[in-house]
Each structure stands twice: as structure tokens, then as C-alpha cells.
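Input: a single structure, listed below in C-alpha cells.
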Amino acid sequence: MEPAWRQPGRGRGRSQEGAGERSRPLQKERERPGGVAGRGARTKVAVVPEPERPHGVSVQSKFEEIRKSNQAAAQRLVESRASSSSSEEEEDDDDDGERGKILASTFTCYTNQTGGDATGLVRTGQYVSDLFQSGALTCLICIASVKRMQPVWSCSSCFSLFHLPCIQKWARDSAFLVSSVTDEDFGQKQHPWPCPKCRAEYPPSATPNRYMCYCGKLQDPPADPWLVPHSCGSVCQKELKPTCGHTCLLLCHPGPCPPCPKMVSVSCMCGKAKPLPRRCSNKTWSCQQQCGRLLACRQHTCSQPCHSECPPCPRVSVQRCVCGREEVERPCAEPRWTCQQVCGSALTCGNHTCEVICHDGECPPCPRSVSRSCPCGKTKSSLPCTEEVLLCGDTCDRRLSCGKHTCSMRCHRGSCETCRQEVEKECRCGKYRKLMSCHKEYLCDSKCPKTRSCQRHQCRRKCCPGNCPPCDQSCGRTLGCRNHKCPSVCHQGSCYPCPESVDVRCSCSSTVLSVPCGRERSTKPPRCKEPCRCPPSCHHPTREPHRCHPGPCPPCRQPCLLPLPGCSHTCPQLCHDLVLVRSQQVQLAGPWEQPSEPAFVKKALPCPPCEVPIATACFGEHEVSPLPCHRQGQFSCKRPCGRPLTCGNHTCSRECHLVTNGNQCEVCEEGCSKPRPPGCPHPCPLPCHRGNCPPCSQMIRQRCHCKISILYVECMKLTSADEQTKVALSSCSNQCPKELKCGHRCKQMCHPGECEEKCQQKVKLRCLCKRIKKEFPCSLSTQCEVQCDDTCRDQQRKVSQLKEAELRAVQEEEQKKLQEELEAFEKRQQRGGRRNKRRGRKEEVDDERGRGRWMKCAALVLVPLGGALLSAAAYYILSTL
């Protein structure tokens with residue numbers, strides 16, 4: 001099946017269709033009642049039943065009628081062509097106006113952020129403008145124009161538009177072409193497909209299967225004449241690139257999103273200057289101060305002006321190598337270097353030295369100190385690193401390079417020899433077999449008859465295993481443009497679109513439109529911006545300037561400016577000297593005649609009534625409205641009258657009216673609405689009156705400052721009093737019931753606001769030994785402290801002396817007991833260590849237990865006693881200081 005852009009009817013066939021459509025009006029003209037054949041036939045039938053007319057006169061009259069009808073038909077055809085050309089120009093002008101409105105509505109959110117600056121919208125605006133220009137947007141796959149109502153797909157890389165069916169077929173054909181290159185993975189792997197223009201790759205899951213708007217929010221967007229084609233009309237909200245956290249503010253649009261217009265407060269690149277408001281898309285700025293950051297060498301600082309990332313240090317310093325043996329002046333940016341000297345340090349084995357070149361850290365272990373095996377790996381031995389491993393003498397049996405046989409030599413050092421056994425080998429394509437050395441590859445001379453991936457040429461490779469390489473010949477097929485041939489390598493499926501472009505020129509050849517090759521036959525010439533030089537056909541001296549165009553000029557659109565009758569103004573309407581007016585219908589001779597299509601003639605129309613606005617005041621002189629010149633006179637503006645009433649405070653609410661002796665304004669019946677004094681909530685009891693209102697004498701009920709008592713105060717006194725008097729009027733004259741932070745009650749009278757924290761109530765404070773006590777105000781209790789005097793120190797000294805005496809007595813008692821025990825032990829030693837027969841084994845055990853218990857008690861008593869002595873000594877030293 002031929003691809004979509006190769007099928008007939010897209011390129012040249014379209015011009016044939018256009019010719020057929022142009023020939024249809026001529027056929028309709030022949031079929032109309034005004035045609036020669038139809039008119040003549042009907043005329044004969046009408047003439048037959050009139051035998052009384054002379055034959056020559058009837059034929060002559062019918063001939064004249066037919067001639068006139070033919071002239072009218074020709075005139076109608078010319079006028080229809082002229083009106084169609086003018087309507088096209090009008091549509092073009094209307095498109096310009098609508099385009100400007102659509103662009104303004106699409107870019108409003110962006111220009112509001114930038115204060116009207118649209119410099120960042122140049123690229124996006126070009127994509128939007130191309131959507132409205134005839135023939136500017138072309139599907140590169142089928143070489144046809146992209147219409148408003150056709151479902152499309154937009155590439156996310158180059159933003160080109162393609163027909164949705166075209167891009168779906170393109171994705172399927174591309175995946176099939178890549179998958180069919182080799183037979184092993186045909187139809188098994190998921191291959192990506194490229195964009196026809198920019199070759200950006202998309203996964204198979206990204207193959208479009210629905211018609212979406214540009215932002216991807218709405219499926220099947222409806223065609224709205226006030227929106228960009230194929231747009232949903234909502235805010236784009238795509239994430240901007242580079243990523244800044246903001247989204248696109250434009251309405252759903254084609255092409256790339258513009259730079260971010262948001263204002264953000266950012267500091268400079270070095271962070272020294274204060275943050276300044278800048279555009280998010282251009283938020284990096286330099287304060288031009290010296291950077292001063294510490295460089296990677298950790299010795300110097302950056303001396304360049306404010307920037308983002310500091311470069312490597314450009315200075316030179318004396319640096320040691322990795323092993324620390326040599327010192328050389330080197331750039332600070334490359335502090336790590338090796339001196340190319342062998343380490344030479346003694347290894348842990350003590351027999352060998354390190355052979356690694358200039359390294360840091362500890363040397364690796366001796367490579368010969370681990371368990372080693374013979375070359376064939378059959379025997380293992382643990383030998384000192386000074387001895388070599390001997391050969392085992394067994395067959396080597398290591399696998400040779402062919403991967404099928406083993407080495408038949410005895411255990412040896414070095415690599416094994418090449419396999420030379422005679423085996424029967426099969427050629428690469430599998431057709432022939434032959435006895436030959438195992439290490440050689442067998443290739444036969446037969447050529448592959450298979451067709452390559454292009455499905456057009458044979459492989460012809462010697463001894464091909466079946467994975468034929470891609471075809472390397474030139475494609476040479478005619479492209480969809482019908483003008484060029486495919487320059488790519490021979491391939492299967494559809495060729496890439498023609499990369500060439502062709503210029504389509506206007507009538508005067510001054511304007512050029514570049515379209516893809518093949519579209520020049522169906523693309524209308526571009527609109528020329530050169531002025532038209534045709535002479536005017538109305539009463540104006542010059543024709544309205546307009547651009548170069550094919551066919552007749554459009555009707556004159558200049559103002560008439562002829563003087564109007566009855567006034568001094570001129571006609572502001574458009575020129576109406578030559579206006580197409582429907583001519584009167586000719587009365588039919590009978591029911592057998594069919595009514596012809598209405599004929600239009602160019603006719604001069606009279607000027608309309610003068611519509612120049614004349615400033616005219618209403619009855620109440622509220623406004624001066626412009627009225628047409630032919631309808632001058634006073635009028636009612638339908639607003640309230642607004643004249644002041646007799647009360648002097650209100651105005652008349654009647655509709656705008658004329659004030660005469662019998663028609664006066666209304667009488668005021670409302671109450672007094674004058675503003676009251678500040679703070680007075682009571683209205684004035686009098687009706688609407690002149691002058692000031694009387695003072696308010698009502699009582700106001702309110703609570704005091706402490707929120708306990710209810711007070712009644714006269715409104716006039718409260719509103720006319722100053723701040724100090726208002727505080728006095730709102731006080732109940734009782735003690736404040738609030739509790740301070742210290743826990744005591746406030747001593748002030750009822751007052752506004754927070755209570756003072758300076759509590760004057762007396763509190764008692766004692767010294768450390770609790771002997772001396774003094775009274776202080778509560779607010780100063782945290783700042784004061786009672787110190788001990790000499791009497792307190794004497795008492796403490798006496799207490800410590802008593803404790804020391806008791807401690808000495810206890811120590812003397814313990815010493816006495818120890819001395820008695822020692823004497824008893826010496827007596828036993830003097831008796832020669834012989835056991836007394838009278839004392840049994842049990843008494844000796846009791847003695848041993850008594851000595852152990854005595855040692856434990858001594859430890860329990862002496863340790864706390866020593867701690868007490870140390871604490872007493874420390875207390876005494878501190879008290880004396």
C-alpha cells in the first residue's frame with residue numbers, strides 16, 4: 001500500500017478538481033432559464049398557440065429577448081466574479097482584525113506581567129500568525145494544508161503541526177521499518193519513532209491516538225472563531241524551561257512557551273548585594289564586586305567580579321607529590337600529582353619492596369604471600385614468597401581459544417598454543433562442510449539470494465548466515481512533491497518528505513511565500529503589500545490605497561463627504577456612487593416562463609439624513625447629550641431631578657422634568673439625616689430641618705474598667721469629654737480586683753489597661769542559716785539577698801568543731817580495737833602456731849569470719865568518715881574566705 005502522501009489526488013489532482021469546480025458554474029449557466037438552448041425551446045412552445053402574430057415579427061422579438069437575457073447572464077457572471085474577489089479582500093481584512101484581537105486575548109496575561117513588553121513573544125507569535133496565513137502551515141507528510149477543522153498533532157521539540165492520521169501512519173511505518181532490519185527481533189522489541197522534521201525520537205507509548213489541544217487538557221477541541229485554531233482557550237500552565245517553578249501564562253497556544261515574565265526578588269550571584277526585583281527568566285545578575293570566596297585550593301580567594309561559579313585557581317604554589325618526596329611549583333588547580341618514582345618501601349613480608357609508583361597510604365601486601373597454584377591450576381601450595389611454585393608435571397587440560405578442545409601439553413608456563421586438530425566445519429551459511437583446522441573459519445563462495453531490508457535488491461554477500469546488512473544503494477524514488485527523488489539509502493516503506501522549499505509569488509512578484517516543495521500548485525499567491533495603481537471609478541479624486549491584488553478593485557470605502565441638504569455638514573457614510581442594487585423583476589408572460597435570477601446593477605444612492613451629533617442639554621441640565629442633527633430639541637434624560645428641596649438637605653427624586661409655575665418639585669417628608677457628633681449612636685428626634693441638631697440627652701449604659709459595675713453616663717457628657725475625663729467617667733472608684741504576677745492584688749483604683757507590676761507589699765527574706773530575717777517590697781525581693789554575719793559564722797564553726805571531736809573519738813576507739821586484735825594475733829604466733837586441742841575447728845573458722853567482718857566494717861566506717869572530714873575542711877576554708 002502506498003503511503004498517504006504518495007496517493008493521488010493530493011498534489012496535482014487538486015488542481016484538476018479546482019478546474020472541475022470552475023467549470024461547474026458554466027454548466028449551471030447553460031442549465032439556467034436564461035440559457036440560449038432552454039430559452040429558445042421554451043420560446044417556440046410559447047409562439048405556437050399565437051397564430052394571429054406575423055411569423056417574422058415574433059421571431060425577431062424572441063431573438064431580441066434571448067440576446068438581452070444572454071447579456072444579462074454575462075453581466076451577472078462578471079459581477080459575481082468581481083464581488084467574489086472583493087469579498088475575499090474583505091475577508092482578508094477581517095482576518096487581520098480578528099487575528100489582532102485573538103493575539104491580544106492570547107497574550108494579555110503575559111503582557112500584563114511585563115507592562116506591555118512583548119519582546120519575549122516573537123517566536124511564539126510567529127507560530128500563532130502562521131496558523132492564520134493561508135498555505136503557511138503544511139503537513140510535511142502528506143504535503144497538504146492544515147485546516148481549522150482537521151485533527152492535528154504537534155511535536156514537542158520543533159512544534160511542527162501534522163495531520164493526526166498522517167503522524168499515526170508515520171509512527172507505525174517507522175517502527176515497522178526499524179523492526180524489520182533483522183529477523184531475530186522482528187516484532188519483539190519496542191522501537192522509537194522519529195519526528196518527520198526534527199528527528200526527535202518518541203517511544204511507542206507516545207504514538208498519538210487522540211486529537212488534543214496544544215496544552216493537552218481538552219480532547220477534540222471545538223473550532224472557535226475567537227480562539228487560536230486547535231486551542232482550548234484555557235491557560236497553558238505548562239512548566240517553563242528552564243525550570244523555575246512557574247507555569248506558562250498564555251492561553252493554549254502553538255509553538256514554544258515564552259520566557260517567564262514573573263518578578264522575583266533575588267540577590268546577586270555572589271550573595272553580597274541586597275535582593276532586587278528582576279524578571280524570573282533573567283534573574284541572574286552581577287553586583288560587580290570582588291567575589292572573595294575561598295577557592296578549591298584552600299589557600300587563595302577569588303578576585304574576579306561577582307559570578308556564579310568560581311574558576312580553578314590561576315596561581316602557582318609549591319606542592320608535594322602524593323608520596324611526599326618531591327616539591328614542585330604547580331598550578332593550585334591541580335594539587336594532586338605523582339612524581340613517577342617507584343615507592344621502594346619494604347613490604348610486610350620483609351623480603352620484597354613495593355613496586356607501585358608514587359602512592360599515598362599503606363603499601364599493598366606482597367603479591368607472593370598468598371596461596372598459589374601451578375600454571376594449570378591442579379595443585380595448590382603455600383610457599384614463602386621467596387620460592388617459585390614448581391610445575392606439577394600433569395597434562396595442562398586448559399581450554400584452548402577455539403572453546404572446544406583442551407591443551408594436551410604438560411603443565412607449562414605462558415599461554416597455550418593454537419588448536420590444530422582436524423575437525424569437520426560447517427560454513428557460515430550452512431550449505432557446505434569441510435575438514436580443516438579447528439582455529440580457522442570456513443567461508444564458502446556462494447552468494448546470498450535473499451532480498452535486503454529494502455525489499456528491492458538482493459544481498460549478494462558471500463556465505464551470508466541470514467542476517468543480511470541494510471541496503472547501501474541509493475533509493476532514487478520520486479518524492480511526494482513530484483519534483484525530486486529520494487537521496488537516502490534504499491529503504492522499505494515511505495520516503496522522508498522533500499526537504500526543499502519553493503517560492504510562490506504574487507501578481508507583481510514583489511511578495512514571496514516559501515512553501516514546501518509540491519505545494520506551489522495548490523497554494524494561492526500571497527497578498528502583496530505594494531499599493532494598487534488603478535484609477536478611481538467614483539467622484540473621489542483618488543482611490544482608497546490598498547494592496548496589490550488579482551482581479552478588479554474592491555468597492556470604494558472612502559467617506560462620501562458631499563454636502564447634505566438642510567445643514568452645513570457633509571455625508572459621513574462610505575462612498576455610495578456605485579452600489580450593486582437588485583433590478584426590478586420583469587413581469588412574466590405566463591406561468592410557462594420560469595423566473596430568472598435577480599440581476600444587480602450599479603446605481604448611485606442618495607445620502608442618508610444627517611446624523612452629526614449636536615450637544616443638547618436635558619430639562620434639568622444634568623447632562624449634555626449628542627443628538628442627531630435632524631432631531632434637535634430638549635429632552636428628558638430619565639435621571640432623578642436633583643434640585644434642592646425647601647428643607648435644604650435633600651433633592652428632588654422625580655424624573656428629569658421641566659420646572660414651570662404649574663409644575664414644581666416635590667415636598668420633603670423624610671426625617672433628619674444629619675451626621676451626629678462622634679461617638680453618639682442616637683438619631684436626631686426632629687424631622688428634616690435646617691440648622692444644627694440639639695445636643696443628645698440620652699443616657700448610655702456601659703461597664704467600668706474592671707468589668708464589674710454598670711455605669712450610666714449622659715451621652716452629651718461622654719461624647720464632648722476629653723480622654724482624661726472619659727477615663728474618670730468610666731471608673732467605678734473601687735480597688736482593682738486583678739491579681740498581679742507575684743500573686744498579690746493590685747492596690748490601684750479601677751483603671752484601664754494592664755496593672756503595674758511594681759508590687760509594694762512587704763515580704764520576709766532569711767539568710768542561708770535561717771537565723772536572720774528582713775522585710776523588703778515584693779517588687780525588689782528578687783534583687784535583694786540576706787547575708788550571714790559573724791555570729792552565724794561562729795555558730796557554724798562550733799558545730800564543725802563538735803563534729804570533728806566526735807570523729808576523733810570514733811577513730812581512737814577503732815584504733816584501740818585494732819591494737820587488741822593485733823596483740824591477740826601475736827600471742828597465737830608465739831605459741832608456735834600449734835592448734836590447741838581444746839579449741840576445735842569451729843573456733844578457727846569463727847576467728848577467720850570475725851577478721852573478715854572486721855575488715856568490712858572498717859571499710860564501711862573509714863570511707864564515709866574521710867568524706868565527712870574533707871567536707872568539713874572545705875566548709876571551714878570557704879567560711880574563712
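Just remember, in the C-alpha cells the first chain shown is A, the second B, etc., residues are 1-based per chain, and ligands are 1-based in the order shown.
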For Leu780 of chain A, find every residue with an atom within 12 Å (counting only C-alpha atoms), except residues of its own chain fewer than 3 positions away, and show them as JSON, numbers by chain. {"A": [742, 757, 758, 759, 760, 761, 762, 763, 764, 765, 775, 776, 777, 783, 784, 785]}
Practice task
Would you return as a PyMOL selection string the members of segment 182-385 of chain A that DSSP assigns to helix (DSSP H, G or I) on this structure's backbone?
Solution key: chain A and resi 204-206+280-282
Nearby residues (only C-alpha atoms) at most 10 Å from segment 312-320 of chain A, same-chain spacing under 5 positions excluded, as JSON, numbers by chain:
{"A": [294, 295, 296, 297, 298, 299, 300, 301, 302, 303, 325, 326, 327, 328, 329, 330, 331, 332, 333, 334, 335, 336, 337, 338, 339]}
Exercise for the section: With a distance cut-off of 6 Å and only C-alpha atoms, select the neighbouring residues of segment 607-613 of chain A, excluding the residue or stretch itself and same-chain residues fewer than 3 positions from it, and output the selection as a PyMOL selection string. Expected result: chain A and resi 626-629
Could you give me, as a list in words, the residues within 7 Å of Gln290 of chain A, counting only C-alpha atoms and dropping anything in the same chain fewer than 4 positions from it?
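After dropping sequence-adjacent residues, the list is Ser303, Gln304, Pro305 and Cys306 of chain A.
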Checklist entry - Got a sec to tell me which of segment 654-727 of chain A DSSP assigns to strand (DSSP E or B), as a list of chain:residue names? => result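 Of segment 654-727 of chain A, the ones in strand (DSSP E or B) are A:Glu655, A:Gly671, A:Pro687, A:Met699, A:Ile700, A:Arg701, A:Gln702, A:Arg703, A:Ile710, A:Leu711, A:Tyr712, A:Val713, A:Glu714.
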message: Report as an MDAnalysis selection string all protein, DNA and RNA residues lying within 9 Å of segment 517-519 of chain A, evaluated on only C-alpha atoms, omitting residues in the same chain fewer than 6 positions from it.
response: chainID A and resid 11:12 135 138 143:145 480:484 498:503
Separation of atom CA of Leu435 of chain A from atom CA of Lys462 of chain A in Å: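 Computing it gives 19.7 Å between the two atoms.
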- Skip Cys155 of chain A itself and residues of its chain fewer than 4 positions away, then list as a list of chain:residue names all residues within 12 Å of it, counting only C-alpha atoms.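 The residues that qualify are A:Cys139, A:Phe159, A:Ser160, A:Leu161, A:Phe162, A:His163, A:Leu164, A:Ile167, A:Pro194, A:Cys195, A:Pro196, A:Lys197, A:Cys198, A:Arg199, A:Ala200, A:Glu201, A:Tyr202, A:Ala206, A:Thr207, A:Pro208, A:Tyr214, A:Cys215, A:Pro254, A:Gly255, A:Pro256.
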Pairwise distance, atom CA of Cys363 of chain A with atom CA of Thr348 of chain A, equals 8.7 Å
